There are 2 protein chains.
Amino acid sequence: MDPIRIDDPQDPRVAAYLDIRERDLAGRQGRFVAEGKVVLDLLLSAGRFGAESVLLLENRLAGLEDILRKAPADLPVYVATGAVMDAIAGFHMHRGILAIGRKGAPRSAETLLDALPARALVVVLVGIANHDNMGSIFRNAAAFGADAVLMDATCCDPLYRKAIRVSVGAALKIPFASFTDAAGFTATLDRRGYGQFALSPSGQTDIRDARRCERLALYLGTEGEGLPESLLARLQTVRITMSEGFDSLNVAAASAIALHHFSANRN
Amino acid sequence: MDPIRIDDPQDPRVAAYLDIRERDLAGRQGRFVAEGKVVLDLLLSAGRFGAESVLLLENRLAGLEDILRKAPADLPVYVATGAVMDAIAGFHMHRGILAIGRKGAPRSAETLLDALPARALVVVLVGIANHDNMGSIFRNAAAFGADAVLMDATCCDPLYRKAIRVSVGAALKIPFASFTDAAGFTATLDRRGYGQFALSPSGQTDIRDARRCERLALYLGTEGEGLPESLLARLQTVRITMSEGFDSLNVAAASAIALHHFSANRN
């Protein structure tokens, strides 16, 4: 790996890094941006996504050699001064570690389910539109050994820059896929033998009494509206019992509690 | 309550609301900013802090009458058009609900402990410097019935605007106080009969096996460094067991799991 020095922010070889913040919103044609040391490490080692290039602040190179050794030998590694890097990214990049990954062709939810082991824990997200929550849920899913995340079409992109960052790279590690029809997807999981739990403040069972089954799907909805009634009616509903007078829990915090519970409850 | 119309963003009566974002950093002389309907409701109903005034987008007034009825009759309620409100706040205030609260004189940690019931759950924070984490921890503390939050001097201010918002107002409800010397404070809790648990990735006991005691203190440290070794040596250490290969949990998520555990474990 021979680092390639970039002196001109307009150099076409780093065009994918231009104005990172603005282009988050516009999408980036099948690419995503990975930031920071831990995330770069996961991108290069998890093998889920291909890396297209790396752009580093010149003084970060020495500290990253072990990580960069995990990349294919022909991966371009660009280095730049702070001023050039800031001019490329469009804001001050104090961490100085960026990479471009390729999203690849989306897998179908069914294909993803086919690839899971006989014993599996999957997270099903409906309407999670906030990138912080999305990233945090992926982080918790990775911390507690979930095998996959399945999302309906109203969820935001887990490969959005901020979601990846908040996930501490878990979005690059845990397989995910989208489905379009929640009712149809519920039937799919049912046919495959999944026990299906929906987390809801009005759930029938305290989550402490919910038993882990061999194949388990945990549904999480938006904080405001929660999961749609039509979906709740098809699933076993579980609640996290809270203090009277302040029954408000962030969906990411709820996912931490529920995933911790099911990860332990292995019998 | 007769709403007072404000037409000039420079009106001295709304000076406390000027350039809200910038002044967060500079402090605001014993005042804090509450934002949004739920937070305003808690400010006016929890009774922990005095309110100095309220500033509303004119079209929000009708929907807030029930909440404003909880305020003293002489509390000034200012209303403004969107353009005037944005000019006062210095950015676009789409929610259109602001209030100024008074911090009052800080209580000592000992005074706060004196006021707690015989059975109590307190959260002890060391080095929590991120306002998102601070707000989330308060939210979880409220959700699971913690009685107080005690903080060392390196923690950030729970009454910072963003921390209050993320806490969904819990920072205005749960009593908190600061201490200067962590070792001394540990001794104080010990004398008062608190069982003291420190959450740490290398904790000796899985939290599932930690029993709730009558008076319980749960210590949480920063995500990077964790709690100082000198403190861990004095306390019972508990861990949240995670998946191999991705043992990374946000401190707020960890607080949710631990507080949920101890809130249940009431015997």
# chains A, B, ... in the order shown; residues from 1 in each chain; ligands from 1
$ closest_atom_pairs --of "chain A" --to "chain B" --cutoff "8 Å" --atoms "only C-alpha atoms" --output "JSON lines"
{"residue": "A:Arg139", "atom": "CA", "partner": "B:Leu249", "partner_atom": "CA", "distance": 7.1}
{"residue": "A:Asn140", "atom": "CA", "partner": "B:Leu249", "partner_atom": "CA", "distance": 6.7}
{"residue": "A:Ala142", "atom": "CA", "partner": "B:Phe246", "partner_atom": "CA", "distance": 6.2}
{"residue": "A:Ala143", "atom": "CA", "partner": "B:Ser243", "partner_atom": "CA", "distance": 5.3}
{"residue": "A:Phe144", "atom": "CA", "partner": "B:Ser243", "partner_atom": "CA", "distance": 5.1}
{"residue": "A:Gly145", "atom": "CA", "partner": "B:Ser243", "partner_atom": "CA", "distance": 5.2}
{"residue": "A:Met242", "atom": "CA", "partner": "B:Ala143", "partner_atom": "CA", "distance": 5.3}
{"residue": "A:Ser243", "atom": "CA", "partner": "B:Phe144", "partner_atom": "CA", "distance": 5.1}
{"residue": "A:Phe246", "atom": "CA", "partner": "B:Ala143", "partner_atom": "CA", "distance": 5.4}
{"residue": "A:Asp247", "atom": "CA", "partner": "B:Ala143", "partner_atom": "CA", "distance": 5.5}
{"residue": "A:Ser248", "atom": "CA", "partner": "B:Ala143", "partner_atom": "CA", "distance": 6.0}
{"residue": "A:Leu249", "atom": "CA", "partner": "B:Ala143", "partner_atom": "CA", "distance": 6.6}
{"residue": "A:Ala252", "atom": "CA", "partner": "B:Ala253", "partner_atom": "CA", "distance": 7.4}
{"residue": "A:Ala253", "atom": "CA", "partner": "B:Ala253", "partner_atom": "CA", "distance": 5.2}
{"residue": "A:Ala254", "atom": "CA", "partner": "B:Ala256", "partner_atom": "CA", "distance": 7.7}
{"residue": "A:Ala256", "atom": "CA", "partner": "B:Ala253", "partner_atom": "CA", "distance": 5.9}
{"residue": "A:Ile257", "atom": "CA", "partner": "B:Ile257", "partner_atom": "CA", "distance": 5.0}
{"residue": "A:His260", "atom": "CA", "partner": "B:Ile257", "partner_atom": "CA", "distance": 7.4}
$ residues_around --residues "Asp132 in chain A" --least-positions-apart "2" --cutoff "8 Å" --atoms "only C-alpha atoms" --output "number ranges by chain"
A: 130, 134-136, 162-163, 166
$ residues_around --residues "range 105-116 of chain A" --least-positions-apart "5" --cutoff "9 Å" --atoms "only C-alpha atoms" --output "JSON, numbers by chain"
{"A": [30, 147, 148, 150, 151, 175, 176, 177, 178, 179, 185, 188, 189, 192]}
$ write_last_selection --atoms "all heavy atoms" --output "mmCIF file, in the first residue's frame"
data_model
loop_
_atom_site.group_PDB
_atom_site.id
_atom_site.type_symbol
_atom_site.label_atom_id
_atom_site.label_comp_id
_atom_site.auth_asym_id
_atom_site.auth_seq_id
_atom_site.Cartn_x
_atom_site.Cartn_y
_atom_site.Cartn_z
ATOM 1 N N GLY A 30 -25.036 4.869 -4.511
ATOM 2 C CA GLY A 30 -24.547 3.540 -4.153
ATOM 3 C C GLY A 30 -23.303 3.527 -3.281
ATOM 4 O O GLY A 30 -22.710 2.474 -3.063
ATOM 5 N N ASP A 147 -28.676 -11.258 14.856
ATOM 6 C CA ASP A 147 -28.139 -11.804 13.609
ATOM 7 C C ASP A 147 -28.469 -10.951 12.398
ATOM 8 O O ASP A 147 -27.789 -11.054 11.375
ATOM 9 C CB ASP A 147 -28.692 -13.223 13.411
ATOM 10 C CG ASP A 147 -28.218 -14.157 14.506
ATOM 11 O OD1 ASP A 147 -27.053 -14.551 14.447
ATOM 12 O OD2 ASP A 147 -28.994 -14.437 15.442
ATOM 13 N N ALA A 148 -29.532 -10.157 12.474
ATOM 14 C CA ALA A 148 -29.918 -9.351 11.318
ATOM 15 C C ALA A 148 -30.891 -8.262 11.752
ATOM 16 O O ALA A 148 -31.529 -8.362 12.805
ATOM 17 C CB ALA A 148 -30.581 -10.223 10.247
ATOM 18 N N LEU A 150 -34.118 -6.164 9.988
ATOM 19 C CA LEU A 150 -35.037 -6.059 8.860
ATOM 20 C C LEU A 150 -35.848 -4.786 9.024
ATOM 21 O O LEU A 150 -36.302 -4.480 10.123
ATOM 22 C CB LEU A 150 -35.986 -7.265 8.815
ATOM 23 C CG LEU A 150 -35.434 -8.650 8.442
ATOM 24 C CD1 LEU A 150 -34.541 -8.590 7.210
ATOM 25 C CD2 LEU A 150 -34.709 -9.323 9.578
ATOM 26 N N MET A 151 -36.023 -4.047 7.931
ATOM 27 C CA MET A 151 -36.641 -2.715 8.024
ATOM 28 C C MET A 151 -37.757 -2.539 7.031
ATOM 29 O O MET A 151 -37.637 -2.992 5.886
ATOM 30 C CB MET A 151 -35.592 -1.660 7.688
ATOM 31 C CG MET A 151 -34.548 -1.520 8.728
ATOM 32 S SD MET A 151 -33.236 -0.450 8.126
ATOM 33 C CE MET A 151 -32.228 -1.697 7.370
ATOM 34 N N PRO A 175 -25.918 -7.808 9.104
ATOM 35 C CA PRO A 175 -26.669 -7.824 7.849
ATOM 36 C C PRO A 175 -28.041 -7.169 8.025
ATOM 37 O O PRO A 175 -28.676 -7.314 9.072
ATOM 38 C CB PRO A 175 -26.840 -9.320 7.549
ATOM 39 C CG PRO A 175 -25.906 -10.037 8.455
ATOM 40 C CD PRO A 175 -25.633 -9.147 9.621
ATOM 41 N N PHE A 176 -28.471 -6.455 7.002
ATOM 42 C CA PHE A 176 -29.826 -5.868 7.052
ATOM 43 C C PHE A 176 -30.462 -5.925 5.678
ATOM 44 O O PHE A 176 -29.763 -6.068 4.670
ATOM 45 C CB PHE A 176 -29.801 -4.433 7.597
ATOM 46 C CG PHE A 176 -29.005 -3.466 6.776
ATOM 47 C CD1 PHE A 176 -29.570 -2.822 5.682
ATOM 48 C CD2 PHE A 176 -27.682 -3.186 7.099
ATOM 49 C CE1 PHE A 176 -28.829 -1.930 4.922
ATOM 50 C CE2 PHE A 176 -26.928 -2.300 6.343
ATOM 51 C CZ PHE A 176 -27.508 -1.667 5.251
ATOM 52 N N ALA A 177 -31.774 -5.825 5.675
ATOM 53 C CA ALA A 177 -32.513 -5.801 4.409
ATOM 54 C C ALA A 177 -33.850 -5.140 4.660
ATOM 55 O O ALA A 177 -34.277 -4.990 5.806
ATOM 56 C CB ALA A 177 -32.709 -7.221 3.881
ATOM 57 N N SER A 178 -34.497 -4.712 3.583
ATOM 58 C CA SER A 178 -35.794 -4.041 3.695
ATOM 59 C C SER A 178 -36.915 -4.933 3.160
ATOM 60 O O SER A 178 -36.696 -5.790 2.313
ATOM 61 C CB SER A 178 -35.792 -2.739 2.885
ATOM 62 O OG SER A 178 -34.900 -1.817 3.465
ATOM 63 N N PHE A 179 -38.100 -4.675 3.705
ATOM 64 C CA PHE A 179 -39.299 -5.325 3.157
ATOM 65 C C PHE A 179 -40.324 -4.234 2.894
ATOM 66 O O PHE A 179 -40.227 -3.139 3.471
ATOM 67 C CB PHE A 179 -39.842 -6.393 4.123
ATOM 68 C CG PHE A 179 -40.127 -5.865 5.510
ATOM 69 C CD1 PHE A 179 -41.358 -5.286 5.821
ATOM 70 C CD2 PHE A 179 -39.160 -5.932 6.514
ATOM 71 C CE1 PHE A 179 -41.616 -4.797 7.092
ATOM 72 C CE2 PHE A 179 -39.409 -5.437 7.786
ATOM 73 C CZ PHE A 179 -40.635 -4.868 8.077
ATOM 74 N N PHE A 185 -44.580 -9.632 5.632
ATOM 75 C CA PHE A 185 -43.305 -10.030 6.229
ATOM 76 C C PHE A 185 -43.529 -10.806 7.521
ATOM 77 O O PHE A 185 -42.822 -11.770 7.822
ATOM 78 C CB PHE A 185 -42.431 -8.795 6.475
ATOM 79 C CG PHE A 185 -41.064 -9.154 6.947
ATOM 80 C CD1 PHE A 185 -40.210 -9.888 6.138
ATOM 81 C CD2 PHE A 185 -40.631 -8.792 8.207
ATOM 82 C CE1 PHE A 185 -38.941 -10.252 6.575
ATOM 83 C CE2 PHE A 185 -39.360 -9.151 8.650
ATOM 84 C CZ PHE A 185 -38.525 -9.875 7.832
ATOM 85 N N THR A 188 -44.186 -14.214 6.583
ATOM 86 C CA THR A 188 -42.927 -14.867 6.198
ATOM 87 C C THR A 188 -42.182 -15.387 7.420
ATOM 88 O O THR A 188 -41.715 -16.528 7.444
ATOM 89 C CB THR A 188 -42.026 -13.858 5.448
ATOM 90 O OG1 THR A 188 -42.690 -13.453 4.258
ATOM 91 C CG2 THR A 188 -40.681 -14.459 5.094
ATOM 92 N N LEU A 189 -42.073 -14.538 8.445
ATOM 93 C CA LEU A 189 -41.371 -14.954 9.662
ATOM 94 C C LEU A 189 -42.121 -16.088 10.354
ATOM 95 O O LEU A 189 -41.518 -17.010 10.909
ATOM 96 C CB LEU A 189 -41.202 -13.762 10.609
ATOM 97 C CG LEU A 189 -40.169 -12.720 10.188
ATOM 98 C CD1 LEU A 189 -40.223 -11.506 11.112
ATOM 99 C CD2 LEU A 189 -38.754 -13.311 10.207
ATOM 100 N N ARG A 192 -41.433 -19.339 8.864
ATOM 101 C CA ARG A 192 -40.083 -19.812 9.168
ATOM 102 C C ARG A 192 -39.903 -20.155 10.648
ATOM 103 O O ARG A 192 -38.790 -20.396 11.106
ATOM 104 C CB ARG A 192 -39.066 -18.744 8.761
ATOM 105 C CG ARG A 192 -38.924 -18.632 7.252
ATOM 106 C CD ARG A 192 -38.190 -17.365 6.874
ATOM 107 N NE ARG A 192 -38.184 -17.189 5.439
ATOM 108 C CZ ARG A 192 -37.174 -17.514 4.641
ATOM 109 N NH1 ARG A 192 -36.091 -18.025 5.149
ATOM 110 N NH2 ARG A 192 -37.251 -17.321 3.344
#
$ closest_residue --among "A:Leu61, A:Ala34, A:Ile88, A:Ala129" --to "Gly221 in chain A" --atoms "only C-alpha atoms"
A:Ala129
$ residues_around --residues "Ala80 in chain B" --least-positions-apart "4" --cutoff "10 Å" --atoms "only C-alpha atoms" --output "short mmCIF file (atom, residue, chain, number, x, y, z; two decimals) with all heavy atoms, in the first residue's frame"
data_model
loop_
_atom_site.label_atom_id
_atom_site.label_comp_id
_atom_site.auth_asym_id
_atom_site.auth_seq_id
_atom_site.Cartn_x
_atom_site.Cartn_y
_atom_site.Cartn_z
N PRO B 3 -51.79 37.02 27.62
CA PRO B 3 -50.58 36.97 26.79
C PRO B 3 -50.14 38.38 26.39
O PRO B 3 -50.96 39.25 26.14
CB PRO B 3 -51.01 36.17 25.56
CG PRO B 3 -52.30 35.54 25.90
CD PRO B 3 -52.93 36.34 27.00
N ILE B 4 -48.83 38.55 26.37
CA ILE B 4 -48.26 39.85 26.02
C ILE B 4 -47.62 39.73 24.65
O ILE B 4 -46.74 38.89 24.43
CB ILE B 4 -47.18 40.25 27.05
CG1 ILE B 4 -47.81 40.30 28.44
CG2 ILE B 4 -46.52 41.57 26.67
CD1 ILE B 4 -46.81 40.05 29.56
N ARG B 5 -48.08 40.56 23.73
CA ARG B 5 -47.58 40.44 22.36
C ARG B 5 -46.23 41.15 22.23
O ARG B 5 -46.06 42.29 22.66
CB ARG B 5 -48.61 41.08 21.41
CG ARG B 5 -48.31 40.77 19.99
CD ARG B 5 -49.36 41.27 19.03
NE ARG B 5 -48.85 41.03 17.70
CZ ARG B 5 -48.99 39.87 17.07
NH1 ARG B 5 -49.68 38.90 17.64
NH2 ARG B 5 -48.46 39.70 15.87
N ILE B 6 -45.28 40.47 21.60
CA ILE B 6 -43.95 41.03 21.35
C ILE B 6 -43.79 41.24 19.85
O ILE B 6 -43.92 40.29 19.06
CB ILE B 6 -42.84 40.08 21.86
CG1 ILE B 6 -42.99 39.80 23.36
CG2 ILE B 6 -41.45 40.63 21.53
CD1 ILE B 6 -42.67 40.97 24.28
N ASP B 7 -43.52 42.48 19.44
CA ASP B 7 -43.35 42.75 18.01
C ASP B 7 -41.91 43.08 17.64
O ASP B 7 -41.52 42.97 16.48
CB ASP B 7 -44.25 43.92 17.58
CG ASP B 7 -45.71 43.54 17.69
OD1 ASP B 7 -46.08 42.47 17.16
OD2 ASP B 7 -46.48 44.29 18.33
N ASP B 8 -41.13 43.47 18.65
CA ASP B 8 -39.74 43.88 18.40
C ASP B 8 -38.80 42.85 19.02
O ASP B 8 -38.80 42.66 20.24
CB ASP B 8 -39.53 45.26 19.05
CG ASP B 8 -38.08 45.70 18.94
OD1 ASP B 8 -37.28 44.99 18.29
OD2 ASP B 8 -37.74 46.74 19.55
N PRO B 9 -38.00 42.17 18.18
CA PRO B 9 -37.09 41.15 18.72
C PRO B 9 -36.13 41.71 19.77
O PRO B 9 -35.60 40.95 20.59
CB PRO B 9 -36.31 40.67 17.49
CG PRO B 9 -37.13 41.04 16.31
CD PRO B 9 -37.91 42.27 16.70
N LEU B 55 -42.30 32.09 26.17
CA LEU B 55 -42.37 32.75 24.87
C LEU B 55 -42.91 31.75 23.85
O LEU B 55 -42.32 30.69 23.64
CB LEU B 55 -40.99 33.24 24.43
CG LEU B 55 -40.86 33.78 23.00
CD1 LEU B 55 -41.76 34.98 22.77
CD2 LEU B 55 -39.40 34.13 22.68
N LEU B 56 -44.05 32.11 23.25
CA LEU B 56 -44.73 31.17 22.35
C LEU B 56 -44.95 31.77 20.98
O LEU B 56 -45.17 32.98 20.83
CB LEU B 56 -46.12 30.83 22.92
CG LEU B 56 -46.18 30.28 24.33
CD1 LEU B 56 -47.64 30.12 24.75
CD2 LEU B 56 -45.45 28.96 24.42
N LEU B 57 -44.93 30.90 20.01
CA LEU B 57 -45.41 31.24 18.69
C LEU B 57 -46.91 31.47 18.85
O LEU B 57 -47.59 30.70 19.52
CB LEU B 57 -45.14 30.04 17.78
CG LEU B 57 -44.99 30.23 16.29
CD1 LEU B 57 -43.90 31.25 15.97
CD2 LEU B 57 -44.63 28.88 15.66
N GLU B 58 -47.42 32.52 18.22
CA GLU B 58 -48.81 32.90 18.51
C GLU B 58 -49.81 31.77 18.27
O GLU B 58 -50.78 31.63 19.01
CB GLU B 58 -49.19 34.16 17.70
CG GLU B 58 -48.96 34.00 16.22
CD GLU B 58 -49.14 35.32 15.45
OE1 GLU B 58 -49.55 36.32 16.07
OE2 GLU B 58 -48.87 35.32 14.24
N ASN B 59 -49.55 30.95 17.24
CA ASN B 59 -50.53 29.89 16.95
C ASN B 59 -50.45 28.69 17.90
O ASN B 59 -51.23 27.76 17.80
CB ASN B 59 -50.42 29.44 15.48
CG ASN B 59 -49.09 28.79 15.18
OD1 ASN B 59 -48.33 28.48 16.09
ND2 ASN B 59 -48.80 28.60 13.91
N VAL B 84 -40.77 37.06 14.19
CA VAL B 84 -40.22 37.72 15.38
C VAL B 84 -39.55 36.69 16.30
O VAL B 84 -38.45 36.90 16.81
CB VAL B 84 -41.33 38.49 16.14
CG1 VAL B 84 -40.83 38.98 17.49
CG2 VAL B 84 -41.83 39.65 15.28
N MET B 85 -40.20 35.55 16.46
CA MET B 85 -39.63 34.51 17.33
C MET B 85 -38.28 34.02 16.79
O MET B 85 -37.32 33.86 17.55
CB MET B 85 -40.60 33.34 17.45
CG MET B 85 -40.18 32.34 18.50
SD MET B 85 -41.62 31.54 19.24
CE MET B 85 -40.85 30.54 20.52
N ASP B 86 -38.21 33.79 15.48
CA ASP B 86 -36.94 33.35 14.89
C ASP B 86 -35.86 34.41 15.07
O ASP B 86 -34.69 34.09 15.33
CB ASP B 86 -37.11 33.03 13.39
CG ASP B 86 -37.96 31.79 13.15
OD1 ASP B 86 -38.33 31.13 14.14
OD2 ASP B 86 -38.26 31.51 11.98
N ILE B 88 -35.64 36.55 17.48
CA ILE B 88 -35.23 36.55 18.89
C ILE B 88 -34.28 35.39 19.16
O ILE B 88 -33.18 35.55 19.67
CB ILE B 88 -36.47 36.43 19.82
CG1 ILE B 88 -37.37 37.66 19.70
CG2 ILE B 88 -36.02 36.24 21.27
CD1 ILE B 88 -38.73 37.49 20.37
N GLY B 96 -41.76 26.34 18.49
CA GLY B 96 -42.46 27.54 18.93
C GLY B 96 -42.86 27.60 20.39
O GLY B 96 -43.78 28.33 20.76
#
$ select_by_dssp --residues "range 36-149 of chain B" --states "strand (DSSP E)" --output "short mmCIF file (atom, residue, chain, number, x, y, z; two decimals) with all heavy atoms, in the first residue's frame"
data_model
loop_
_atom_site.label_atom_id
_atom_site.label_comp_id
_atom_site.auth_asym_id
_atom_site.auth_seq_id
_atom_site.Cartn_x
_atom_site.Cartn_y
_atom_site.Cartn_z
N GLY B 50 -38.33 27.46 39.47
CA GLY B 50 -39.24 28.55 39.16
C GLY B 50 -39.17 28.91 37.68
O GLY B 50 -38.13 28.78 37.06
N ALA B 51 -40.30 29.33 37.13
CA ALA B 51 -40.31 29.81 35.74
C ALA B 51 -40.29 31.32 35.75
O ALA B 51 -40.91 31.96 36.61
CB ALA B 51 -41.54 29.29 35.01
N GLU B 52 -39.56 31.90 34.81
CA GLU B 52 -39.43 33.35 34.76
C GLU B 52 -40.37 33.95 33.72
O GLU B 52 -40.95 35.01 33.92
CB GLU B 52 -37.98 33.70 34.44
CG GLU B 52 -37.57 35.07 34.86
CD GLU B 52 -36.05 35.18 34.86
OE1 GLU B 52 -35.44 34.78 35.87
OE2 GLU B 52 -35.49 35.64 33.85
N SER B 53 -40.49 33.26 32.60
CA SER B 53 -41.42 33.69 31.55
C SER B 53 -41.55 32.59 30.53
O SER B 53 -40.79 31.61 30.53
CB SER B 53 -40.92 34.97 30.86
OG SER B 53 -39.75 34.71 30.12
N VAL B 54 -42.53 32.77 29.65
CA VAL B 54 -42.78 31.83 28.55
C VAL B 54 -42.85 32.64 27.27
O VAL B 54 -43.36 33.76 27.28
CB VAL B 54 -44.12 31.07 28.78
CG1 VAL B 54 -44.46 30.18 27.59
CG2 VAL B 54 -44.06 30.25 30.07
N LEU B 55 -42.30 32.09 26.17
CA LEU B 55 -42.37 32.75 24.87
C LEU B 55 -42.91 31.75 23.85
O LEU B 55 -42.32 30.69 23.64
CB LEU B 55 -40.99 33.24 24.43
CG LEU B 55 -40.86 33.78 23.00
CD1 LEU B 55 -41.76 34.98 22.77
CD2 LEU B 55 -39.40 34.13 22.68
N LEU B 56 -44.05 32.11 23.25
CA LEU B 56 -44.73 31.17 22.35
C LEU B 56 -44.95 31.77 20.98
O LEU B 56 -45.17 32.98 20.83
CB LEU B 56 -46.12 30.83 22.92
CG LEU B 56 -46.18 30.28 24.33
CD1 LEU B 56 -47.64 30.12 24.75
CD2 LEU B 56 -45.45 28.96 24.42
N LEU B 57 -44.93 30.90 20.01
CA LEU B 57 -45.41 31.24 18.69
C LEU B 57 -46.91 31.47 18.85
O LEU B 57 -47.59 30.70 19.52
CB LEU B 57 -45.14 30.04 17.78
CG LEU B 57 -44.99 30.23 16.29
CD1 LEU B 57 -43.90 31.25 15.97
CD2 LEU B 57 -44.63 28.88 15.66
N VAL B 77 -46.44 35.60 29.90
CA VAL B 77 -46.50 34.74 28.71
C VAL B 77 -46.44 35.64 27.49
O VAL B 77 -47.38 36.40 27.21
CB VAL B 77 -47.79 33.89 28.69
CG1 VAL B 77 -47.89 33.07 27.40
CG2 VAL B 77 -47.83 32.97 29.91
N TYR B 78 -45.32 35.59 26.77
CA TYR B 78 -45.14 36.41 25.59
C TYR B 78 -45.51 35.61 24.36
O TYR B 78 -45.24 34.40 24.28
CB TYR B 78 -43.67 36.86 25.49
CG TYR B 78 -43.20 37.60 26.71
CD1 TYR B 78 -42.22 37.06 27.54
CD2 TYR B 78 -43.73 38.86 27.05
CE1 TYR B 78 -41.78 37.73 28.67
CE2 TYR B 78 -43.30 39.53 28.18
CZ TYR B 78 -42.33 38.97 28.99
OH TYR B 78 -41.91 39.62 30.12
N VAL B 79 -46.15 36.27 23.40
CA VAL B 79 -46.44 35.62 22.12
C VAL B 79 -45.86 36.46 20.99
O VAL B 79 -45.76 37.69 21.09
CB VAL B 79 -47.94 35.39 21.88
CG1 VAL B 79 -48.52 34.41 22.90
CG2 VAL B 79 -48.71 36.70 21.92
N ALA B 80 -45.46 35.78 19.93
CA ALA B 80 -44.84 36.46 18.80
C ALA B 80 -45.16 35.72 17.52
O ALA B 80 -45.52 34.53 17.55
CB ALA B 80 -43.31 36.53 19.00
N ILE B 97 -42.18 26.84 21.25
CA ILE B 97 -42.50 26.87 22.68
C ILE B 97 -41.19 26.98 23.46
O ILE B 97 -40.38 26.07 23.45
CB ILE B 97 -43.26 25.60 23.12
CG1 ILE B 97 -44.56 25.45 22.35
CG2 ILE B 97 -43.50 25.61 24.63
CD1 ILE B 97 -45.30 24.14 22.63
N LEU B 98 -41.02 28.11 24.15
CA LEU B 98 -39.81 28.31 24.95
C LEU B 98 -40.21 28.84 26.32
O LEU B 98 -41.24 29.50 26.47
CB LEU B 98 -38.89 29.35 24.28
CG LEU B 98 -38.18 28.96 22.98
CD1 LEU B 98 -37.50 30.18 22.38
CD2 LEU B 98 -37.17 27.85 23.24
N ALA B 99 -39.38 28.57 27.30
CA ALA B 99 -39.57 29.19 28.62
C ALA B 99 -38.20 29.40 29.24
O ALA B 99 -37.25 28.70 28.91
CB ALA B 99 -40.44 28.30 29.50
N ILE B 100 -38.12 30.36 30.13
CA ILE B 100 -36.90 30.57 30.91
C ILE B 100 -37.18 30.13 32.35
O ILE B 100 -38.18 30.54 32.95
CB ILE B 100 -36.48 32.05 30.91
CG1 ILE B 100 -36.23 32.57 29.49
CG2 ILE B 100 -35.25 32.29 31.80
CD1 ILE B 100 -35.00 32.00 28.81
N GLY B 101 -36.30 29.26 32.84
CA GLY B 101 -36.40 28.82 34.23
C GLY B 101 -35.25 29.37 35.05
O GLY B 101 -34.23 29.78 34.50
N ARG B 102 -35.41 29.36 36.34
CA ARG B 102 -34.33 29.81 37.24
C ARG B 102 -33.71 28.59 37.94
O ARG B 102 -34.44 27.77 38.51
CB ARG B 102 -34.89 30.75 38.31
CG ARG B 102 -35.05 32.19 37.84
CD ARG B 102 -35.49 33.08 38.98
NE ARG B 102 -36.77 32.65 39.55
CZ ARG B 102 -37.97 33.09 39.15
NH1 ARG B 102 -38.05 34.00 38.20
NH2 ARG B 102 -39.07 32.65 39.72
N ALA B 120 -34.25 3.92 48.50
CA ALA B 120 -33.91 4.87 47.44
C ALA B 120 -32.95 4.27 46.43
O ALA B 120 -32.15 3.40 46.74
CB ALA B 120 -33.28 6.12 48.06
N LEU B 121 -33.09 4.76 45.20
CA LEU B 121 -32.19 4.39 44.11
C LEU B 121 -31.58 5.69 43.59
O LEU B 121 -32.31 6.58 43.15
CB LEU B 121 -32.99 3.68 43.01
CG LEU B 121 -32.30 3.41 41.67
CD1 LEU B 121 -31.07 2.54 41.84
CD2 LEU B 121 -33.28 2.74 40.70
N VAL B 122 -30.27 5.81 43.70
CA VAL B 122 -29.63 7.02 43.19
C VAL B 122 -28.61 6.66 42.11
O VAL B 122 -28.02 5.58 42.12
CB VAL B 122 -28.94 7.85 44.31
CG1 VAL B 122 -29.93 8.23 45.40
CG2 VAL B 122 -27.75 7.12 44.90
N VAL B 123 -28.46 7.58 41.14
CA VAL B 123 -27.51 7.39 40.05
C VAL B 123 -26.33 8.32 40.32
O VAL B 123 -26.53 9.50 40.60
CB VAL B 123 -28.17 7.74 38.70
CG1 VAL B 123 -27.17 7.57 37.56
CG2 VAL B 123 -29.40 6.87 38.48
N VAL B 124 -25.12 7.79 40.27
CA VAL B 124 -23.93 8.60 40.51
C VAL B 124 -23.13 8.67 39.21
O VAL B 124 -22.75 7.63 38.65
CB VAL B 124 -23.06 7.99 41.63
CG1 VAL B 124 -21.88 8.92 41.94
CG2 VAL B 124 -23.89 7.75 42.88
N LEU B 125 -22.92 9.87 38.71
CA LEU B 125 -22.25 10.05 37.42
C LEU B 125 -20.86 10.64 37.62
O LEU B 125 -20.69 11.62 38.35
CB LEU B 125 -23.07 10.99 36.53
CG LEU B 125 -24.51 10.55 36.26
CD1 LEU B 125 -25.22 11.57 35.36
CD2 LEU B 125 -24.56 9.16 35.64
N VAL B 126 -19.88 10.05 36.93
CA VAL B 126 -18.51 10.53 37.00
C VAL B 126 -18.01 10.80 35.58
O VAL B 126 -17.94 9.88 34.76
CB VAL B 126 -17.60 9.50 37.70
CG1 VAL B 126 -16.15 9.98 37.74
CG2 VAL B 126 -18.11 9.21 39.12
N ALA B 148 -32.69 10.28 42.64
CA ALA B 148 -31.79 11.42 42.52
C ALA B 148 -30.62 11.07 41.63
O ALA B 148 -30.32 9.89 41.40
CB ALA B 148 -31.26 11.83 43.91
N VAL B 149 -29.98 12.11 41.10
CA VAL B 149 -28.75 11.95 40.33
C VAL B 149 -27.67 12.79 41.01
O VAL B 149 -27.90 13.97 41.28
CB VAL B 149 -28.92 12.39 38.86
CG1 VAL B 149 -27.61 12.29 38.09
CG2 VAL B 149 -30.01 11.57 38.17
#
$ select_by_dssp --residues "range 190-235 of chain A" --states "alpha helix (DSSP H)" --output "list in words"
Asp190, Arg191, Glu229, Ser230, Leu231 and Leu232 of chain A
$ residues_around --residues "Phe91 in chain B" --least-positions-apart "4" --cutoff "12 Å" --atoms "only C-alpha atoms" --output "PyMOL selection string"
chain B and resi 17-22+82-87+95-96
